[in-house]
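Enquirer: Before I ask anything, here is the structure I am working with.
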Amino acid sequence: MKKFCVFCGKSPENKNKEHVLPQWLIKMTGDSKRIATFGVDFSKQPFTPRQFSFDALTFPACSHCNEAFGSLESATEPVVRRLLSNQAVSADDLTILLDWLDKVRVGLWLGYLYLDKNPMGITPSFHIQNRVGQVDRMVAIIKLTNPSVGLSFFGPESKFYHLTPTCLGLRVNGLCLVNASGISLCSRRLGFPFAEPVSLRDDHKLEVSFHPGTERIMYPVERSATLPNIVSLYQPIYRPLLENDAREYLETAWVASHTADSQRGYGKMFLQKDDSVRVYTDGSSSDWIPSEPWETWEMVNRLPEYIYRRLSTDFERAISISTDKDHRKHMRRQDTMIKMVDRAVLQRFREAAARMRADG
């Protein structure tokens, strides 16, 4: 696979290495030289787990691109530390966290294309630089009982993630973050003008239609099945309307009063908790803390299945709007094959969770 910068997509200039999972996070969660498993090496027979140290999980980058994103890393570390210690955080802190999660989610997608030698022949149409804060995003927060030091993630090991890198689970010590992103993931039900996917063209470009907002907040923000005992934070992003001559939909008092950053097209932060949705409070707040924690075995049992289901659903939506009949057939074959593999992987997670539960 030809090398490209994970930030800009171009051939790396003054090449250096990007830690998609940053070094501050690796050190915060244990020995940076510890060996971890990063999916399966399908090039070997029999298939074997791919294992190496966390600090070796690096990918090509331009030195200036890497430096440009250094400020985001510096801003994110104290936010994560406050979350780990159950401190109050502000909406601005959560926006930084969501920007960082966009970076990590896309970076792991590109990184796994490298690791797996891109078996599906995917040509990335975006990279970290042009994906942070581009479309609606959310993060669900879970707290663990009896937390232990450690770092793990769920999602990139599924081939659905290669095709639709829309959802990622990240465990940092006693904190679990489930991050998802997508066009009109939350804008529609949070009252904002929204873009609706219409068709996926033969050149794989997505066509959308734009619609005015209802100017009312609906619960739940997402009507699909969700996880118990979580707090979800949503941020509508209306940048697509700014960039596609649809500004007239944004020229309302309601949009203005629910906007956090008009230049970037960022809506305010919305909190879904205790069967209600509201704008996240001004100033710092502890409202983000879930009322009930999870056992570690619950995380291992529930999170992978939830994330795989979201990834699969997003891919199925892409199939439904594809305009190319042959491409739809190919996508359906991929869908069937990947689900078979994911079922086997999920069974291993369930077995591991059962052992953990039995061991107490």
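All residue names refer to the structure tokens as shown: chains lettered A, B, ... in order, residues numbered from 1 in each chain, ligands numbered from 1 in order.
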Do you know which residues are at most 10 Å from Glu316 in chain A counting only C-alpha atoms, after dropping those on the same chain fewer than 4 positions away, and could you put them as a PyMOL selection string?

Expert: chain A and resi 164+310-312+320-321+328+331-332+335

Enquirer: Kindly save the residues from that selection, with C-alpha atoms included, as a PDB file, in the first residue's frame.

Expert:
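The resulting file, out-v1.pdb, is shown below:
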```pdb
ATOM      1  CA  THR A 164     -17.845   2.732   7.215  1.00  0.00           C
ATOM      2  CA  ARG A 310     -24.023   0.398  14.377  1.00  0.00           C
ATOM      3  CA  LEU A 311     -21.284  -0.187  11.814  1.00  0.00           C
ATOM      4  CA  SER A 312     -23.403  -2.801  10.025  1.00  0.00           C
ATOM      5  CA  SER A 320     -29.865   1.229   0.091  1.00  0.00           C
ATOM      6  CA  ILE A 321     -28.892   4.507  -1.608  1.00  0.00           C
ATOM      7  CA  ARG A 328     -25.184  -2.904  -4.638  1.00  0.00           C
ATOM      8  CA  MET A 331     -21.905  -4.537  -1.219  1.00  0.00           C
ATOM      9  CA  ARG A 332     -24.522  -7.134  -0.230  1.00  0.00           C
ATOM     10  CA  ASP A 335     -22.307  -7.439   4.090  1.00  0.00           C
TER      11      ASP A 335
END
```

Enquirer: From a DSSP calculation on the backbone, collect every residue of range 105-245 of chain A in strand (DSSP E) and output the set as a PyMOL selection string.

Expert: chain A and resi 137-143+151-154+167-172+175-181+194-200+206-211+231-235

Enquirer: Closest to Glu295 in chain A among A:Ser184, A:Asn86, A:Asn16, A:Asn146, using only C-alpha atoms?

Expert: A:Asn146

Enquirer: Identify, on the basis of only C-alpha atoms, every residue whose closest approach to His162 in chain A does not exceed 10 Å; exclude the query and any residue fewer than 2 positions from it along the same chain; express the result as a compact mmCIF listing (two decimals) with C-alpha atoms, in the first residue's frame.

Expert:
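Output saved as part_38.txt:
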```
# COMPACT_ATOMS: atom_id res chain seq x y z
CA LEU A 108 -7.45 4.15 13.41
CA TRP A 109 -9.42 3.56 10.20
CA LEU A 110 -6.49 4.64 8.05
CA TYR A 112 -5.93 -0.47 10.04
CA LEU A 113 -5.95 -0.14 6.25
CA ASP A 116 -4.35 -5.20 7.03
CA ASN A 118 -6.03 -2.85 2.48
CA PRO A 119 -7.56 -6.20 1.37
CA MET A 120 -10.69 -4.52 -0.04
CA ILE A 122 -10.25 0.96 -0.53
CA PRO A 124 -9.63 6.75 1.17
CA GLY A 155 -14.62 -1.43 16.20
CA PRO A 156 -11.53 -1.25 13.97
CA GLU A 157 -11.11 -5.04 14.05
CA SER A 158 -14.40 -5.40 12.09
CA LYS A 159 -14.22 -5.14 8.31
CA PHE A 160 -17.35 -2.98 8.48
CA THR A 164 -17.84 2.73 7.21
CA PRO A 165 -15.64 4.02 10.06
CA THR A 166 -18.57 5.64 11.85
CA LEU A 311 -21.28 -0.19 11.81
```

Enquirer: For range 48-65 of chain A, find every residue with an atom within 6 Å (counting only C-alpha atoms), except residues of its own chain fewer than 3 positions away, and show them as a ChimeraX atom specification.

Expert: /A:5-6,12-19,32-41,68

Enquirer: Excluding Pro293 in chain A and any residue of its chain fewer than 4 positions from it, enumerate the residues within 9 Å of it, using only C-alpha atoms, and give them as an NGL selection string.

Expert: :A and (142-145 or 229-230)

Enquirer: Distance CA of Lys329 in chain A-CA of Phe315 in chain A, one decimal place?

Expert: 13.1 Å

Enquirer: Please provide the set of residues having any atom within 10 Å of range 69-79 of chain A, restricted to only C-alpha atoms, with same-chain residues fewer than 4 positions apart removed, written as JSON, numbers by chain.

Expert: {"A": [7, 22, 23, 24, 25, 28, 64, 65, 83, 84, 87, 88, 89, 90, 92, 93, 94, 95, 96, 97, 98, 99, 100, 101, 103, 128, 129]}

Enquirer: Restricting the calculation to only C-alpha atoms, which member of A:Val135, A:Ala253, A:Val300, A:Leu170 is positioned closest to Tyr266 in chain A?

Expert: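 The answer is A:Val135, which sits nearest to Tyr266 in chain A.
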
Enquirer: For the atom pair CA of Pro228 in chain A and CA of Arg302 in chain A, what is the interatomic distance in Å to one decimal place?

Expert: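 It comes out at 9.8 Å.
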
Enquirer: So how many Å separate CA of Asn301 in chain A and CA of Ala358 in chain A, to one decimal?

Expert: 13.1 Å

Enquirer: Give me the residues near Gly265 in chain A as a PyMOL selection string, where near means some atom within 7 Å (using only C-alpha atoms) and where sequence neighbours in that chain fewer than 3 positions away do not count.

Expert: chain A and resi 237-239+261-262

Enquirer: Just list as a PyMOL selection string whatever in range 45-279 of chain A DSSP marks as alpha helix (DSSP H).

Expert: chain A and resi 63-68+70-84+91-115+159-163+239-242+253-257

Enquirer: Which one of A:Cys8, A:Leu177, A:Val198, A:Val255 sits closest to Met138 in chain A if you count only C-alpha atoms?

Expert: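 The closest residue to Met138 in chain A is A:Leu177.
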
Enquirer: Range 168-260 of chain A near range 269-291 of chain A within 9 Å: what's each residue's closest atom pair and its distance in Å to one decimal, counting only C-alpha atoms, ordered by chain then ascending residue number, as a Markdown table?

Expert:
```
| residue | atom | partner | partner_atom | distance |
| --- | --- | --- | --- | --- |
| A:Leu190 | CA | A:Phe270 | CA | 8.4 |
| A:Ile217 | CA | A:Val277 | CA | 7.2 |
| A:Met218 | CA | A:Val277 | CA | 7.3 |
| A:Tyr219 | CA | A:Val277 | CA | 6.1 |
| A:Pro220 | CA | A:Val277 | CA | 7.3 |
| A:Val221 | CA | A:Val277 | CA | 7.6 |
| A:Asn229 | CA | A:Pro290 | CA | 6.4 |
| A:Ile230 | CA | A:Pro290 | CA | 5.5 |
| A:Val231 | CA | A:Lys273 | CA | 5.3 |
| A:Ser232 | CA | A:Gln272 | CA | 5.1 |
| A:Leu233 | CA | A:Leu271 | CA | 4.8 |
| A:Tyr234 | CA | A:Phe270 | CA | 5.1 |
| A:Gln235 | CA | A:Met269 | CA | 5.0 |
| A:Pro236 | CA | A:Met269 | CA | 7.8 |
| A:His258 | CA | A:Val279 | CA | 8.3 |
| A:Thr259 | CA | A:Met269 | CA | 8.9 |
| A:Ala260 | CA | A:Met269 | CA | 7.9 |
```

Enquirer: Since we have the selection now, will you write its residues out, keeping C-alpha atoms, as a PDB file, in the first residue's frame?

Expert:
```pdb
ATOM      1  CA  LEU A 190     -32.352  18.452  17.811  1.00  0.00           C
ATOM      2  CA  ILE A 217     -35.735  19.012  20.646  1.00  0.00           C
ATOM      3  CA  MET A 218     -36.943  15.413  20.569  1.00  0.00           C
ATOM      4  CA  TYR A 219     -36.202  12.530  22.933  1.00  0.00           C
ATOM      5  CA  PRO A 220     -34.513  10.197  22.302  1.00  0.00           C
ATOM      6  CA  VAL A 221     -32.075  11.833  19.929  1.00  0.00           C
ATOM      7  CA  ASN A 229     -26.905   3.440  32.202  1.00  0.00           C
ATOM      8  CA  ILE A 230     -25.071   5.818  29.908  1.00  0.00           C
ATOM      9  CA  VAL A 231     -24.986   9.560  29.367  1.00  0.00           C
ATOM     10  CA  SER A 232     -24.944  10.655  25.719  1.00  0.00           C
ATOM     11  CA  LEU A 233     -23.623  13.980  24.464  1.00  0.00           C
ATOM     12  CA  TYR A 234     -24.574  15.162  20.981  1.00  0.00           C
ATOM     13  CA  GLN A 235     -23.253  18.000  18.844  1.00  0.00           C
ATOM     14  CA  PRO A 236     -24.999  18.986  15.599  1.00  0.00           C
ATOM     15  CA  HIS A 258     -28.301  27.089  19.671  1.00  0.00           C
ATOM     16  CA  THR A 259     -24.949  27.693  17.971  1.00  0.00           C
ATOM     17  CA  ALA A 260     -21.595  27.380  19.726  1.00  0.00           C
TER      18      ALA A 260
END
```
